[in-house]
Amino acid sequence: MKIYNNDWWSAANRLYYILHPKHRKNLKSYKNKHLNERCFIIGNGPSLTIKDLELLKNEKTMVCNSIIKIFGDLSFKPTYYFAQDAQVIKDNLEIIKSTEEITKFIRSYYSGRYHVKDAIYYNVYEDQIAFSPDISVGVYCGWTVVYSMIQFAVYMGFSEIYLLGVDFNYAKNNTEINADCYFDKRMFNPGINYALPKTDVTTAAFQQARNYSESNGTKIYNATRGGKLEIFERKNFDESGLS
C-alpha cells in the first residue's frame, strides 16, 4: 500500500545510513534479544489503568509518547520507551531527557532538532505500508508508533506480543485527538497540533503485522478492554492469567 510518491523520503533514508552508524549497530544488538519471551505493547487509550501497568512490573513492556508524564505514579520503569511524532517529542523532551532506567527509542529524523543523549535513534519509512524484518534498516510508519513497536518486538524475538490499551477509537468518529483519547488527562496537551488519525492506513499496517507474524510463528494478541481493533485475536487481560 503506497502512501506517498516522493523521492525526498528515499533521500532522507539514505542520509540516515550516513549519519547514524552507531545507532544502526545498537539496533542490531537487539536481534532476538528476547527470543521466545512475551511482551506487552502499551497504548495510551482510555481503557488502560495505572493498576494494569502495576500488574506488568515483572513483564517486558513497551510504552510510548506522553505516558512518560505519569511514570512518577508507577513503582517501576517499563522496559522500552518509544517516541516518533515531532510534537509529542517536543512536548515531552525534558522529561525524556531526565528519565533514567529505561531504554529510549526515538525516530532518527528528529535527532538533531530534539536530541536525547542516551536515546537510540531508528529510521522510519513513510512511503508505503510494509513490515520491516530489520529495525536497523528502518521500520514502516503505519501512522502509529504502536506499529513501529510491533516491528521492534518481532525483531527482538518475542514469541507472544500482547497489545493493551490500544483502543483504536478516537474522538468525533476518529477525526480528532482530545483528552478523552487518553487514560490520564495529563497526557493531553491542548497546545499541541496532534497528527490526526488515519485509521485506514493503520488498519492496513496492522493487517501487515498479522500476516507477517503468522508467517514466522509469532503470536500477536489484543488484550485491550473493548475498543475497535479486531484484526488480532482477542485475549481477556482480566481473566486469562496475563496479568
# chains A, B, ... in the order shown; residues from 1 in each chain; ligands from 1
>>> residues_around(residues="Ser29 in chain A", least_positions_apart="6", cutoff="12 Å", atoms="only C-alpha atoms", output="MDAnalysis selection string")
chainID A and resid 22:23 120 134:136 152 155:157
>>> write_last_selection(atoms="C-alpha atoms", output="mmCIF file, in the first residue's frame")
data_model
loop_
_atom_site.group_PDB
_atom_site.id
_atom_site.type_symbol
_atom_site.label_atom_id
_atom_site.label_comp_id
_atom_site.auth_asym_id
_atom_site.auth_seq_id
_atom_site.Cartn_x
_atom_site.Cartn_y
_atom_site.Cartn_z
ATOM 1 C CA LYS A 22 26.328 3.946 15.901
ATOM 2 C CA HIS A 23 22.570 3.656 16.222
ATOM 3 C CA ILE A 120 18.829 5.041 20.362
ATOM 4 C CA ASP A 134 15.257 -5.471 10.213
ATOM 5 C CA ILE A 135 14.826 -2.477 12.538
ATOM 6 C CA SER A 136 18.445 -1.407 11.936
ATOM 7 C CA PHE A 152 10.668 -3.942 17.146
ATOM 8 C CA TYR A 155 12.810 -8.332 15.624
ATOM 9 C CA MET A 156 13.667 -8.799 19.313
ATOM 10 C CA GLY A 157 12.353 -12.348 19.093
#
>>> residues_around(residues="Arg234 in chain A", least_positions_apart="4", cutoff="8 Å", atoms="only C-alpha atoms", output="list of chain:residue names")
A:Tyr221, A:Asn222, A:Ala223, A:Thr224, A:Glu230
>>> select_by_dssp(residues="range 81-139 of chain A", states="strand (DSSP E or B)", output="MDAnalysis selection string")
chainID A and resid 81:83 103:107 120:122 124:125 128 139
>>> atom_distance(atom1="CA of Ala83 in chain A", atom2="CA of Ile96 in chain A")
9.4 Å
>>> closest_atom_pairs(of="range 34-88 of chain A", to="range 163-177 of chain A", cutoff="12 Å", atoms="only C-alpha atoms", output="JSON lines")
{"residue": "A:Arg38", "atom": "CA", "partner": "A:Leu163", "partner_atom": "CA", "distance": 11.1}
{"residue": "A:Cys39", "atom": "CA", "partner": "A:Leu163", "partner_atom": "CA", "distance": 8.8}
{"residue": "A:Phe40", "atom": "CA", "partner": "A:Leu163", "partner_atom": "CA", "distance": 5.9}
{"residue": "A:Ile41", "atom": "CA", "partner": "A:Leu163", "partner_atom": "CA", "distance": 4.9}
{"residue": "A:Ile42", "atom": "CA", "partner": "A:Leu164", "partner_atom": "CA", "distance": 5.0}
{"residue": "A:Gly43", "atom": "CA", "partner": "A:Gly165", "partner_atom": "CA", "distance": 4.4}
{"residue": "A:Asn44", "atom": "CA", "partner": "A:Gly165", "partner_atom": "CA", "distance": 5.6}
{"residue": "A:Gly45", "atom": "CA", "partner": "A:Gly165", "partner_atom": "CA", "distance": 4.9}
{"residue": "A:Pro46", "atom": "CA", "partner": "A:Gly165", "partner_atom": "CA", "distance": 7.0}
{"residue": "A:Ser47", "atom": "CA", "partner": "A:Gly165", "partner_atom": "CA", "distance": 5.6}
{"residue": "A:Leu48", "atom": "CA", "partner": "A:Gly165", "partner_atom": "CA", "distance": 4.9}
{"residue": "A:Thr49", "atom": "CA", "partner": "A:Gly165", "partner_atom": "CA", "distance": 8.5}
{"residue": "A:Ile50", "atom": "CA", "partner": "A:Gly165", "partner_atom": "CA", "distance": 11.1}
{"residue": "A:Asp52", "atom": "CA", "partner": "A:Leu164", "partner_atom": "CA", "distance": 9.0}
{"residue": "A:Leu53", "atom": "CA", "partner": "A:Leu164", "partner_atom": "CA", "distance": 9.6}
{"residue": "A:Leu56", "atom": "CA", "partner": "A:Leu164", "partner_atom": "CA", "distance": 10.8}
{"residue": "A:Thr61", "atom": "CA", "partner": "A:Leu163", "partner_atom": "CA", "distance": 10.1}
{"residue": "A:Met62", "atom": "CA", "partner": "A:Leu163", "partner_atom": "CA", "distance": 9.7}
{"residue": "A:Val63", "atom": "CA", "partner": "A:Leu164", "partner_atom": "CA", "distance": 10.1}
{"residue": "A:Cys64", "atom": "CA", "partner": "A:Gly165", "partner_atom": "CA", "distance": 11.4}
{"residue": "A:Ile67", "atom": "CA", "partner": "A:Gly165", "partner_atom": "CA", "distance": 11.5}
>>> write_last_selection(atoms="all heavy atoms", output="short mmCIF file (atom, residue, chain, number, x, y, z; two decimals), in the first residue's frame")
data_model
loop_
_atom_site.label_atom_id
_atom_site.label_comp_id
_atom_site.auth_asym_id
_atom_site.auth_seq_id
_atom_site.Cartn_x
_atom_site.Cartn_y
_atom_site.Cartn_z
N ARG A 38 7.67 -13.16 26.14
CA ARG A 38 6.47 -12.42 25.78
C ARG A 38 6.64 -10.97 26.21
O ARG A 38 7.41 -10.65 27.12
CB ARG A 38 5.23 -13.02 26.43
CG ARG A 38 5.07 -12.74 27.92
CD ARG A 38 3.76 -13.33 28.42
NE ARG A 38 3.51 -13.01 29.83
CZ ARG A 38 2.46 -13.42 30.53
NH1 ARG A 38 1.55 -14.18 29.93
NH2 ARG A 38 2.31 -13.08 31.79
N CYS A 39 5.91 -10.09 25.54
CA CYS A 39 5.95 -8.68 25.91
C CYS A 39 4.57 -8.06 25.78
O CYS A 39 3.67 -8.61 25.13
CB CYS A 39 6.95 -7.90 25.04
SG CYS A 39 6.39 -7.56 23.35
N PHE A 40 4.42 -6.91 26.42
CA PHE A 40 3.18 -6.15 26.36
C PHE A 40 3.48 -4.80 25.72
O PHE A 40 4.35 -4.05 26.20
CB PHE A 40 2.60 -5.95 27.76
CG PHE A 40 2.02 -7.20 28.34
CD1 PHE A 40 2.84 -8.16 28.92
CD2 PHE A 40 0.66 -7.44 28.30
CE1 PHE A 40 2.32 -9.33 29.46
CE2 PHE A 40 0.11 -8.60 28.84
CZ PHE A 40 0.95 -9.55 29.41
N ILE A 41 2.79 -4.51 24.64
CA ILE A 41 2.87 -3.22 23.98
C ILE A 41 1.70 -2.38 24.48
O ILE A 41 0.54 -2.74 24.30
CB ILE A 41 2.84 -3.36 22.46
CG1 ILE A 41 4.13 -4.04 21.97
CG2 ILE A 41 2.65 -2.01 21.77
CD1 ILE A 41 4.19 -4.28 20.47
N ILE A 42 2.03 -1.27 25.11
CA ILE A 42 1.02 -0.47 25.81
C ILE A 42 0.63 0.74 24.98
O ILE A 42 1.46 1.59 24.64
CB ILE A 42 1.56 0.01 27.18
CG1 ILE A 42 2.15 -1.17 27.98
CG2 ILE A 42 0.46 0.71 27.96
CD1 ILE A 42 1.18 -2.26 28.29
N GLY A 43 -0.65 0.81 24.63
CA GLY A 43 -1.21 2.02 24.07
C GLY A 43 -1.68 2.94 25.20
O GLY A 43 -1.69 2.53 26.37
N ASN A 44 -2.09 4.12 24.86
CA ASN A 44 -2.47 5.11 25.88
C ASN A 44 -3.97 5.36 25.92
O ASN A 44 -4.42 6.40 26.41
CB ASN A 44 -1.71 6.41 25.65
CG ASN A 44 -0.21 6.22 25.73
OD1 ASN A 44 0.27 5.36 26.45
ND2 ASN A 44 0.54 7.02 24.99
N GLY A 45 -4.75 4.42 25.41
CA GLY A 45 -6.19 4.59 25.32
C GLY A 45 -6.90 4.59 26.66
O GLY A 45 -6.35 4.16 27.69
N PRO A 46 -8.14 5.05 26.68
CA PRO A 46 -8.89 5.23 27.94
C PRO A 46 -9.22 3.93 28.66
O PRO A 46 -9.59 3.97 29.83
CB PRO A 46 -10.15 5.96 27.49
CG PRO A 46 -10.28 5.68 26.03
CD PRO A 46 -8.88 5.56 25.51
N SER A 47 -9.08 2.80 28.00
CA SER A 47 -9.38 1.52 28.67
C SER A 47 -8.28 1.11 29.64
O SER A 47 -8.49 0.27 30.51
CB SER A 47 -9.57 0.42 27.63
OG SER A 47 -8.36 0.17 26.92
N LEU A 48 -7.10 1.69 29.51
CA LEU A 48 -5.96 1.34 30.36
C LEU A 48 -6.09 1.97 31.74
O LEU A 48 -6.73 3.01 31.90
CB LEU A 48 -4.67 1.80 29.69
CG LEU A 48 -3.35 1.29 30.28
CD1 LEU A 48 -3.20 -0.21 30.04
CD2 LEU A 48 -2.17 2.05 29.68
N THR A 49 -5.47 1.36 32.74
CA THR A 49 -5.44 1.93 34.09
C THR A 49 -4.02 1.82 34.66
O THR A 49 -3.22 0.98 34.21
CB THR A 49 -6.40 1.21 35.05
OG1 THR A 49 -5.92 -0.13 35.28
CG2 THR A 49 -7.81 1.16 34.48
N ILE A 50 -3.75 2.62 35.67
CA ILE A 50 -2.48 2.52 36.39
C ILE A 50 -2.34 1.13 37.01
O ILE A 50 -1.26 0.54 37.02
CB ILE A 50 -2.37 3.60 37.47
CG1 ILE A 50 -2.26 5.00 36.84
CG2 ILE A 50 -1.18 3.34 38.38
CD1 ILE A 50 -0.96 5.25 36.11
N ASP A 52 -3.41 -1.66 35.84
CA ASP A 52 -2.96 -2.57 34.78
C ASP A 52 -1.45 -2.53 34.65
O ASP A 52 -0.78 -3.57 34.56
CB ASP A 52 -3.58 -2.18 33.44
CG ASP A 52 -5.08 -2.36 33.40
OD1 ASP A 52 -5.62 -3.16 34.19
OD2 ASP A 52 -5.72 -1.69 32.57
N LEU A 53 -0.91 -1.32 34.61
CA LEU A 53 0.53 -1.16 34.45
C LEU A 53 1.27 -1.78 35.63
O LEU A 53 2.31 -2.44 35.43
CB LEU A 53 0.88 0.32 34.31
CG LEU A 53 0.33 1.00 33.06
CD1 LEU A 53 0.61 2.50 33.10
CD2 LEU A 53 0.92 0.39 31.80
N LEU A 56 2.04 -5.35 35.48
CA LEU A 56 3.03 -5.76 34.47
C LEU A 56 4.45 -5.43 34.89
O LEU A 56 5.37 -5.48 34.06
CB LEU A 56 2.71 -5.06 33.14
CG LEU A 56 1.35 -5.38 32.53
CD1 LEU A 56 1.13 -4.54 31.27
CD2 LEU A 56 1.24 -6.86 32.21
N THR A 61 7.88 -4.70 28.85
CA THR A 61 6.85 -3.76 28.39
C THR A 61 7.43 -2.71 27.46
O THR A 61 8.56 -2.26 27.63
CB THR A 61 6.20 -3.05 29.60
OG1 THR A 61 7.23 -2.54 30.45
CG2 THR A 61 5.32 -4.00 30.39
N MET A 62 6.63 -2.33 26.48
CA MET A 62 6.95 -1.25 25.55
C MET A 62 5.89 -0.17 25.69
O MET A 62 4.69 -0.47 25.55
CB MET A 62 7.00 -1.75 24.11
CG MET A 62 8.08 -2.76 23.81
SD MET A 62 8.10 -3.19 22.05
CE MET A 62 9.57 -4.22 21.97
N VAL A 63 6.30 1.05 25.97
CA VAL A 63 5.37 2.16 26.13
C VAL A 63 5.78 3.29 25.20
O VAL A 63 6.87 3.27 24.60
CB VAL A 63 5.34 2.66 27.60
CG1 VAL A 63 4.89 1.55 28.53
CG2 VAL A 63 6.70 3.21 28.01
N CYS A 64 4.91 4.31 25.08
CA CYS A 64 5.19 5.32 24.08
C CYS A 64 4.61 6.68 24.44
O CYS A 64 3.71 6.81 25.28
CB CYS A 64 4.63 4.89 22.72
SG CYS A 64 2.84 4.64 22.71
N ILE A 67 2.90 8.91 27.82
CA ILE A 67 2.76 8.09 29.02
C ILE A 67 3.93 8.35 29.96
O ILE A 67 3.84 8.13 31.17
CB ILE A 67 2.67 6.59 28.67
CG1 ILE A 67 2.11 5.79 29.85
CG2 ILE A 67 4.02 6.04 28.23
CD1 ILE A 67 1.82 4.34 29.53
#
>>> closest_residue(among="A:Tyr194, A:Tyr162, A:Thr199, A:Gly112", to="Phe232 in chain A", atoms="only C-alpha atoms")
A:Tyr162
>>> residues_around(residues="Phe188 in chain A", least_positions_apart="2", cutoff="10 Å", atoms="only C-alpha atoms", output="number ranges by chain")
A: 66-67, 69, 88, 91, 177-186, 190-192, 194
>>> write_last_selection(atoms="all heavy atoms", output="compact mmCIF listing (two decimals), in the first residue's frame")
# COMPACT_ATOMS: atom_id res chain seq x y z
N SER A 66 3.36 10.24 25.45
CA SER A 66 3.19 11.04 26.67
C SER A 66 2.90 10.21 27.92
O SER A 66 2.72 10.78 29.00
CB SER A 66 2.07 12.06 26.48
OG SER A 66 2.42 12.99 25.47
N ILE A 67 2.90 8.91 27.82
CA ILE A 67 2.76 8.09 29.02
C ILE A 67 3.93 8.35 29.96
O ILE A 67 3.84 8.13 31.17
CB ILE A 67 2.67 6.59 28.67
CG1 ILE A 67 2.11 5.79 29.85
CG2 ILE A 67 4.02 6.04 28.23
CD1 ILE A 67 1.82 4.34 29.53
N LYS A 69 4.81 10.99 31.11
CA LYS A 69 4.41 12.01 32.09
C LYS A 69 3.89 11.41 33.39
O LYS A 69 3.87 12.09 34.42
CB LYS A 69 3.33 12.92 31.50
CG LYS A 69 3.83 13.84 30.39
CD LYS A 69 2.70 14.70 29.86
CE LYS A 69 3.19 15.68 28.79
NZ LYS A 69 2.09 16.49 28.23
N VAL A 88 4.95 15.44 19.89
CA VAL A 88 4.99 14.70 21.15
C VAL A 88 6.39 14.71 21.74
O VAL A 88 6.58 14.88 22.95
CB VAL A 88 4.49 13.25 20.93
CG1 VAL A 88 4.68 12.42 22.20
CG2 VAL A 88 3.02 13.25 20.53
N ASP A 91 7.01 18.17 23.22
CA ASP A 91 6.23 18.39 24.43
C ASP A 91 6.84 17.67 25.64
O ASP A 91 6.76 18.15 26.77
CB ASP A 91 4.80 17.91 24.20
CG ASP A 91 3.89 18.15 25.41
OD1 ASP A 91 3.95 19.27 25.96
OD2 ASP A 91 3.16 17.23 25.78
N ILE A 177 -8.17 14.26 18.05
CA ILE A 177 -7.49 13.82 19.27
C ILE A 177 -7.83 14.81 20.37
O ILE A 177 -7.60 16.00 20.24
CB ILE A 177 -5.96 13.79 19.07
CG1 ILE A 177 -5.57 12.85 17.93
CG2 ILE A 177 -5.27 13.39 20.37
CD1 ILE A 177 -5.82 11.40 18.20
N ASN A 178 -8.42 14.30 21.47
CA ASN A 178 -8.69 15.16 22.63
C ASN A 178 -8.35 14.41 23.91
O ASN A 178 -7.85 13.28 23.87
CB ASN A 178 -10.13 15.68 22.62
CG ASN A 178 -11.15 14.57 22.74
OD1 ASN A 178 -10.87 13.48 23.26
ND2 ASN A 178 -12.36 14.83 22.27
N ALA A 179 -8.61 15.02 25.05
CA ALA A 179 -8.22 14.42 26.33
C ALA A 179 -8.89 13.08 26.58
O ALA A 179 -8.35 12.23 27.29
CB ALA A 179 -8.53 15.40 27.47
N ASP A 180 -10.08 12.88 26.01
CA ASP A 180 -10.80 11.63 26.22
C ASP A 180 -10.16 10.44 25.51
O ASP A 180 -10.56 9.30 25.73
CB ASP A 180 -12.24 11.78 25.75
CG ASP A 180 -13.04 12.74 26.63
OD1 ASP A 180 -12.68 12.90 27.81
OD2 ASP A 180 -14.01 13.34 26.12
N CYS A 181 -9.18 10.71 24.67
CA CYS A 181 -8.48 9.64 23.96
C CYS A 181 -7.41 8.98 24.82
O CYS A 181 -6.80 8.00 24.39
CB CYS A 181 -7.84 10.18 22.68
SG CYS A 181 -9.01 10.81 21.46
N TYR A 182 -7.19 9.50 26.03
CA TYR A 182 -6.12 9.02 26.90
C TYR A 182 -6.69 8.51 28.22
O TYR A 182 -7.72 8.99 28.69
CB TYR A 182 -5.12 10.14 27.19
CG TYR A 182 -4.44 10.67 25.96
CD1 TYR A 182 -4.98 11.74 25.24
CD2 TYR A 182 -3.26 10.10 25.49
CE1 TYR A 182 -4.37 12.22 24.11
CE2 TYR A 182 -2.64 10.58 24.35
CZ TYR A 182 -3.20 11.63 23.66
OH TYR A 182 -2.60 12.11 22.52
N PHE A 183 -5.96 7.59 28.86
CA PHE A 183 -6.42 7.08 30.15
C PHE A 183 -6.09 8.03 31.28
O PHE A 183 -6.62 7.91 32.38
CB PHE A 183 -5.83 5.69 30.42
CG PHE A 183 -4.37 5.66 30.78
CD1 PHE A 183 -3.97 5.71 32.10
CD2 PHE A 183 -3.40 5.57 29.78
CE1 PHE A 183 -2.62 5.66 32.43
CE2 PHE A 183 -2.06 5.53 30.10
CZ PHE A 183 -1.67 5.58 31.44
N ASP A 184 -5.22 9.01 31.03
CA ASP A 184 -4.88 10.02 32.03
C ASP A 184 -4.85 11.37 31.33
O ASP A 184 -4.12 11.55 30.35
CB ASP A 184 -3.52 9.70 32.66
CG ASP A 184 -3.24 10.57 33.88
OD1 ASP A 184 -3.21 11.80 33.73
OD2 ASP A 184 -3.02 10.02 34.97
N LYS A 185 -5.64 12.32 31.81
CA LYS A 185 -5.78 13.61 31.15
C LYS A 185 -4.47 14.40 31.09
O LYS A 185 -4.31 15.27 30.25
CB LYS A 185 -6.84 14.46 31.85
CG LYS A 185 -8.19 13.78 32.05
CD LYS A 185 -8.81 13.31 30.76
CE LYS A 185 -10.20 12.72 31.01
NZ LYS A 185 -10.77 12.05 29.84
N ARG A 186 -3.53 14.08 31.97
CA ARG A 186 -2.24 14.77 31.95
C ARG A 186 -1.47 14.51 30.67
O ARG A 186 -0.56 15.27 30.30
CB ARG A 186 -1.39 14.34 33.14
CG ARG A 186 -1.88 14.83 34.50
CD ARG A 186 -1.07 14.20 35.62
NE ARG A 186 -1.33 12.78 35.75
CZ ARG A 186 -0.72 11.98 36.61
NH1 ARG A 186 0.20 12.49 37.44
NH2 ARG A 186 -1.02 10.70 36.69
N PRO A 190 -3.44 20.55 25.13
CA PRO A 190 -4.29 21.25 24.16
C PRO A 190 -3.52 22.19 23.24
O PRO A 190 -4.04 22.62 22.21
CB PRO A 190 -5.28 22.02 25.05
CG PRO A 190 -4.59 22.16 26.36
CD PRO A 190 -3.77 20.92 26.53
N GLY A 191 -2.27 22.48 23.58
CA GLY A 191 -1.47 23.36 22.74
C GLY A 191 -0.75 22.65 21.60
O GLY A 191 -0.09 23.29 20.79
N ILE A 192 -0.89 21.34 21.55
CA ILE A 192 -0.20 20.55 20.51
C ILE A 192 -1.10 20.38 19.29
O ILE A 192 -2.30 20.13 19.41
CB ILE A 192 0.20 19.17 21.06
CG1 ILE A 192 1.42 19.29 21.97
CG2 ILE A 192 0.52 18.20 19.93
CD1 ILE A 192 1.94 17.97 22.46
N TYR A 194 -1.80 17.84 17.19
CA TYR A 194 -1.62 16.40 17.04
C TYR A 194 -1.91 15.95 15.61
O TYR A 194 -2.82 16.47 14.94
CB TYR A 194 -2.57 15.65 17.98
CG TYR A 194 -2.21 15.76 19.44
CD1 TYR A 194 -2.77 16.75 20.25
CD2 TYR A 194 -1.33 14.87 20.03
CE1 TYR A 194 -2.45 16.85 21.59
CE2 TYR A 194 -1.00 14.96 21.38
CZ TYR A 194 -1.56 15.95 22.15
OH TYR A 194 -1.24 16.05 23.49
>>> residues_around(residues="Thr202 in chain A", least_positions_apart="4", cutoff="7 Å", atoms="only C-alpha atoms", output="JSON, numbers by chain")
{"A": [142, 143, 144, 198, 206]}
>>> write_last_selection(atoms="C-alpha atoms", output="short mmCIF file (atom, residue, chain, number, x, y, z; two decimals), in the first residue's frame")
data_model
loop_
_atom_site.label_atom_id
_atom_site.label_comp_id
_atom_site.auth_asym_id
_atom_site.auth_seq_id
_atom_site.Cartn_x
_atom_site.Cartn_y
_atom_site.Cartn_z
CA GLY A 142 1.61 2.79 9.76
CA TRP A 143 0.54 6.19 11.15
CA THR A 144 1.02 4.99 14.72
CA LYS A 198 -5.67 7.76 9.60
CA PHE A 206 -1.91 -3.92 11.48
#
>>> residues_around(residues="Leu35 in chain A", least_positions_apart="2", cutoff="7 Å", atoms="only C-alpha atoms", output="JSON, numbers by chain")
{"A": [32, 33, 37, 156, 157, 158, 159]}
>>> residues_around(residues="Thr103 in chain A", least_positions_apart="3", cutoff="9 Å", atoms="only C-alpha atoms", output="PyMOL selection string")
chain A and resi 78-82+100+118-120
>>> closest_residue(among="A:Lys104, A:Ser98, A:Pro197, A:Ala205", to="Tyr147 in chain A", atoms="only C-alpha atoms")
A:Ala205
>>> atom_distance(atom1="CA of Ser75 in chain A", atom2="CA of Glu101 in chain A")
12.4 Å
